[in-house]
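Read the structure below first, then the notes.
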Amino acid sequence: MFKIAVIDEKTFHLTISNDEFSVYSPSDKFFKSLFEEDLSLKEVYSFGEVISGEFYSFKIDLINALPGDEILFRVLDTPSLALQLREELNVAPINKQASILTLSLETPVRRLGQDYINKLMEMYLQRELEEKNKASENTVLFIDQQLSGITDSLRYSENRLQQYRTENRVFNLSQEGAVIFERLQELEKERAQTEVTLKYYKTLQTYLSNNQSTDLVAPSVIGITDPLLNSLVQSLSELQAEQVRLKANFTDQTPVVRENASRVQNAKRALQENVNLASQNTQNVLADLNNRIKMIERDVNSLPQTERNLLGIQRQFTINENIYVYLLQKKAEAEITKAANMPTNSVLDFAKSGQLPVAPKRSLNLLIGMILGLILPIGFITVKDFLNTKIEDPKELEKQIKVPLIGMIGRSTSDEALPVFNNPRSSVTESFRSLRADLAYLSPQKRNLSLLFTSTISGEGKTFVSMNMASVFALMGKKTVLIGLDLRKPRIAQDFNLSNDKGMSTCLSSDISWKDVVKASGYENLDVILSGPIPPNPAELLLQDKFKVIVNEIKEAYDVVVFDCPPVGLVSETKELFGFADVNFYVFRQGYSMKGNSQILNNLVEKGGVTKIYGVFNDLHIDKGYGYGYGYGYGYGYGNNSYGYHEEVQLPWWKRALRRQS
C-alpha cells in the first residue's frame with residue numbers, strides 16, 4: 001500500500017504504509033511470492049517521473065489533487081484482480097422463466113463498477129461473435145488453399161485453348177462433337193465436385209489425426225448434405241469450445257473437465273468412423289464416374305483429329321473453370337455468412353450506478369440491532385436457565401415442593417458460624433428471628449418445642465441453620481439444647497470450639513447417662529450434646545429404644561430441643577427421626593441444591609408419611625438477581641450504631657393468612 005502526500009503542483013512525497021509485498025510473475029500466473037524487504041524509495045518525486053526498482057516500475061501523474069492531500073493506492077496483478085471482481089459480481093435472472101440476466105457489482109467507486117460491467121459485456125459479446133466467425137474463417141482458409149492450386153491450372157488450360165484455336169483456325173465443334181462434349185462436360189463437372197468432396201474428407205481425416213478439431217470446416221459449407229456428418233462436426237465443435245472454456249477455469253484433473261474430454265474423444269471416434277465410410281463411398285462414386293468418362297472418350301476417338309484435340313483441350317479448360325467458379329461461389333457464401341453473423345445475446349441496458357448508497361443500510365442495521373438486542377439476551381437467559389441444574393429462584397422452589405416454604409435465610413457476610421450471638425444486628429440474625437416468630441403459628445400452645453433440621457446432601461447449611469435457630473431461642477431465655485445426630489460427619493464441635501470426645505454415640509453405646517455428655521456452649525441458656533466419636537453402626541444406634549427414652553427425658557428437661565440430623569438423601573436413619581420432632585425443617589441452599597432435591601422432599605410427604613415438615617431456603621443473596629427478603633419489615637435504632645432498616649417482601653399466601661389472624 002503506497003501513500004502519496006501532495007506537496008505542490010510539481011512534487012509529492014511517496015511512502016509505503018506496510019513493508020510486506022508480493023511479487024507477481026507474468027510468465028506463471030499462479031506464482032506469487034511474499035517478501036518482507038524494504039523497497040528502495042526516495043522521499044520526494046516529481047509528477048510524471050518514472051519510479052522504478054527491482055520489482056516495479058511506474059509513474060504518477062497529477063490529475064486532480066491539492067497540496068496537502070493524501071492518497072493511498074495499491075498495485076494489483078491482473079489475475080488476482082479478475083478473481084476478486086469475479087467473486088464480487090452477482091449474476092441472477094429476472095425470474096425463473098426469463099432469459100434476461102441482471103449483473104450487479106457493489107463497489108465504493110461508482111465509475112469502477114460501471115466500467116467493469118460494461119467492458120465485461122463488450123468482451124462477452126465479442127467472444128461470442130468470434131466463436132461464430134471461426135467456422136466461416138476456417139471455410140475461407142480451406143477454399144483459398146484449393147484456389148491457389150486450381151488458378152494456375154485454369155490459366156494454363158485457357159492459354160493452351162486459345163493458342164490451339166489460333167493455330168488450327170477451329171473455333172466450334174461439330175454437331176456430333178458438341179453432343180459428346182456436353183455429355184462429357186456434365187460427367188467432368190460431377191467428377192470435379194466429387195474430387196473436392198474427397199479432398200475435404202482427406203483434410204478432415206488429417207485434422208482429426210493431428211488433433212486440430214478446432215479448425216474443422218462444416219461439411220454443409222463445401223456442399224455436403226449428409227445430415228449425420230454435419231451433426232457430428234457441429235457436436236465436436238461445441239464440445240471443443242466447452243473444453244476450452246472449462247480449462248480456463250479448472251485444471252485437467254477436475255471431474256467436469258475429464259468428463260467433457262471423454263465426450264470429445266467419443267465424438268472424434270464417431271466422426272472418424274463416419275468420415276472413413278464417407279471417403280470410401282466417395283472413392284467408389286469417383287471410380288464409377290471415371291469409367292463412364294472412359295466410355296465417352298471412346299466415342300471421341302471417332303471424331304477427326306483436329307476436333308478430338310480441340311475437345312480434349314476445351315474439356316480440360318471447362319473442368320478447371322467449373323471447379324474455380326464453384327470454389328469462388330462457396331468462398332463468397334462463407335464471407336457473406338461471416339459478415340452477417342451477430343451475437344445471439346445483447347445488452348438491453350448499460351451499467352449505471354444507483355442514486356442511493358446500498359450499504360450500510362441504516363434502517364436495516366437498526367432493525368437487526370434491535371432484534372439481536374432482544375434475541376441474544378433472551379436466548380442467553382433461556383439457555384442459561386435450561387442448563388442450570390441448581391435452585392436459584394425461591395418462587396421456583398415454592399412451586400416445586402408440596403410443603404410450605406416457611407422461611408428464607410440470607411447470606412452471612414462474615415465467617416462467624418453463630419451470627420445470632422456474634423452479630424445480632426445483621427440481616428441474617430433477623431431472618432432467624434423471623435423464622436422463630438413463625439413457629440408460634442406452626443406449633444401453637446406448646447410448652448416444650450422440638451425442632452429437626454435436615455437436607456438432601458451435606459453442604460446445604462442444615463448445621464448452620466440448626467445452631468442459629470437454637471441460638472435465637474436461647475436469646476429469648478428459653479432453656480435450649482442442640483443435639484448433634486450426624487454420627488458420620490459431625491460439625492457442631494468444631495463450630496463451638498469443643499472436643500468431640502463424648503456425646504450421643506457414647507450414651508447409646510454404653511451405660512453413661514445423657515446428662516453426663518451435655519456440654520456448655522459458652523452462651524447463656526444454650527447447651528450442646530455432641531454426636532460423639534464416630535461409631536461403626538450409627539444407624540442401629542439411633543433406631544434402638546434407648547434413644548427414644550433419652551429424647552423424652554431431654555424434652556422434659558429443656559424448653560427447646562433442636563436436632564441436627566444427617567442428610568436424608570445420603571443416609572436412611574433420618575427418616576425414622578422425623579417422629580421425634582414437633583416441627584421438621586428441610587433445608588435448601590441457593591445455587592447449591594439441585595433442582596431434583598425437591599422431589600426427595602415430596603416423596604417424604606407423599607410416600608413416607610412425614611407430617612409437620614416445611615422448607616427453608618438458605619444462603620439467599622441479592623447478586624443472583626432475586627430481590628427476596630426474609631418475611632418482615634422493621635425499623636429500629638439502638639446503641640452507638642443507631643440505624644433504620646426496612647425491607648418489604650411478598651410473603652406466601654399461608655403466612656399472610658396466619659399474620660392476619662394474629
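We label chains A, B, ... in the order they appear in the C-alpha cells, count residues from 1 in each chain, and number ligands from 1 in the order shown.
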Item to check | Residue neighbourhood stretch 435-448 of chain A, 6 Å, only C-alpha atoms, exclusion window fewer than 3 positions, as a PyMOL selection string | outcome: chain A and resi 407+432+559-560
Taking all heavy atoms for each residue, export the selection above as a short mmCIF file (atom, residue, chain, number, x, y, z; two decimals), in the first residue's frame.
data_model
loop_
_atom_site.label_atom_id
_atom_site.label_comp_id
_atom_site.auth_asym_id
_atom_site.auth_seq_id
_atom_site.Cartn_x
_atom_site.Cartn_y
_atom_site.Cartn_z
N GLY A 407 -39.42 -20.14 55.44
CA GLY A 407 -38.52 -19.03 55.67
C GLY A 407 -37.34 -19.04 54.73
O GLY A 407 -37.02 -20.05 54.09
N PHE A 432 -33.43 -15.37 61.17
CA PHE A 432 -33.66 -16.44 62.14
C PHE A 432 -34.73 -16.03 63.16
O PHE A 432 -35.54 -16.85 63.60
CB PHE A 432 -32.36 -16.80 62.85
CG PHE A 432 -31.43 -17.63 62.01
CD1 PHE A 432 -30.25 -17.10 61.51
CD2 PHE A 432 -31.74 -18.95 61.72
CE1 PHE A 432 -29.40 -17.85 60.74
CE2 PHE A 432 -30.88 -19.71 60.95
CZ PHE A 432 -29.71 -19.17 60.45
N ASP A 559 -36.68 -26.50 77.38
CA ASP A 559 -37.82 -25.86 76.72
C ASP A 559 -37.80 -26.09 75.20
O ASP A 559 -38.84 -26.28 74.58
CB ASP A 559 -37.82 -24.36 77.00
CG ASP A 559 -37.96 -24.07 78.49
OD1 ASP A 559 -38.63 -24.88 79.18
OD2 ASP A 559 -37.41 -23.06 78.96
N VAL A 560 -36.62 -26.03 74.65
CA VAL A 560 -36.48 -26.17 73.19
C VAL A 560 -35.38 -27.19 72.92
O VAL A 560 -34.27 -27.09 73.48
CB VAL A 560 -36.14 -24.84 72.51
CG1 VAL A 560 -35.97 -25.04 71.01
CG2 VAL A 560 -37.22 -23.80 72.79
#
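With only C-alpha atoms taken into account, the protein and nucleic acid residues at most 7 Å from A:Ile406 (excluding it and anything under 6 positions from it in its own chain) are A:Tyr614, A:Gly615, A:Val616.
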Could the residues in this selection be written to a file with C-alpha atoms, as a compact mmCIF listing (two decimals), in the first residue's frame?
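Output file result_32.txt follows:
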# COMPACT_ATOMS: atom_id res chain seq x y z
CA TYR A 614 -41.50 -27.26 55.99
CA GLY A 615 -38.93 -25.90 53.60
CA VAL A 616 -36.19 -23.40 54.46
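Residues of stretch 525-589 of chain A that DSSP places in helix (DSSP H, G or I), based on the backbone of this structure, are Pro538, Ala539, Glu540, Leu541, Leu542, Asp545, Lys546, Phe547, Lys548, Val549, Ile550, Val551, Asn552, Glu553, Ile554, Lys555, Glu556, Ala557, Thr574, Lys575, Glu576, Leu577, Phe578, Gly579 and Phe580 of chain A.
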Next on the checklist: List as a VMD selection string the protein and nucleic acid residues near stretch 154-162 of chain A, meaning an atom at most 8 Å away when only C-alpha atoms are counted, but skip any in the same chain fewer than 4 places from it.
Outcome noted: chain A and resid 150 166 310 313 to 314 316 to 317 320 to 321 324
Checklist entry - What lies within 8 Å of A:Val285 using only C-alpha atoms, ignoring chain neighbours under 4 positions off, as JSON, numbers by chain? => result {"A": [194, 281, 289]}
Restricting it to all heavy atoms, dump the selection as a short mmCIF file (atom, residue, chain, number, x, y, z; two decimals), in the first residue's frame.
data_model
loop_
_atom_site.label_atom_id
_atom_site.label_comp_id
_atom_site.auth_asym_id
_atom_site.auth_seq_id
_atom_site.Cartn_x
_atom_site.Cartn_y
_atom_site.Cartn_z
N THR A 194 -16.95 -34.26 -56.99
CA THR A 194 -16.66 -35.45 -56.18
C THR A 194 -15.22 -35.42 -55.68
O THR A 194 -14.95 -35.80 -54.53
CB THR A 194 -16.92 -36.72 -56.99
OG1 THR A 194 -18.27 -36.71 -57.49
CG2 THR A 194 -16.71 -37.96 -56.13
N ASN A 281 -17.02 -44.43 -49.78
CA ASN A 281 -18.15 -44.31 -50.71
C ASN A 281 -17.86 -43.30 -51.81
O ASN A 281 -18.22 -43.51 -52.99
CB ASN A 281 -19.42 -43.91 -49.96
CG ASN A 281 -19.89 -45.00 -49.01
OD1 ASN A 281 -19.58 -46.18 -49.21
ND2 ASN A 281 -20.62 -44.61 -47.96
N LEU A 289 -17.56 -42.73 -62.00
CA LEU A 289 -17.52 -41.59 -62.93
C LEU A 289 -16.37 -41.72 -63.91
O LEU A 289 -16.50 -41.40 -65.11
CB LEU A 289 -17.41 -40.28 -62.13
CG LEU A 289 -18.66 -39.86 -61.36
CD1 LEU A 289 -18.36 -38.64 -60.49
CD2 LEU A 289 -19.82 -39.55 -62.29
#
Which residues of stretch 461-495 of chain A come within 9 Å of stretch 534-552 of chain A, and for each one, what is the closest pair of atoms and their distance in Å to one decimal, counting only C-alpha atoms, sorted by chain and residue number, as a tab-separated table?
residue	atom	partner	partner_atom	distance
A:Leu485	CA	A:Leu542	CA	8.3
A:Asp486	CA	A:Pro538	CA	8.6
A:Leu487	CA	A:Ile534	CA	5.6
A:Arg488	CA	A:Ile534	CA	5.9
A:Lys489	CA	A:Ile534	CA	7.9
A:Pro490	CA	A:Ile534	CA	8.3
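Across A:Ser434, A:Thr454, A:Ser593, A:Asn95, the tightest approach to A:Val562 is made by A:Thr454 when counting only C-alpha atoms.
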Next on the checklist: For the structure I just gave you, how does DSSP split stretch 433-605 of chain A - specifically, which residues are strand (DSSP E or B)? Reply as a ChimeraX atom specification.
Outcome noted: /A:449-455,480-484,518-520,526-529,560-564,583-589,594
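Using only C-alpha atoms, the nearest neighbour of A:Tyr200 within the list A:Val109, A:Arg292, A:Ser279, A:Arg127 is A:Ser279.
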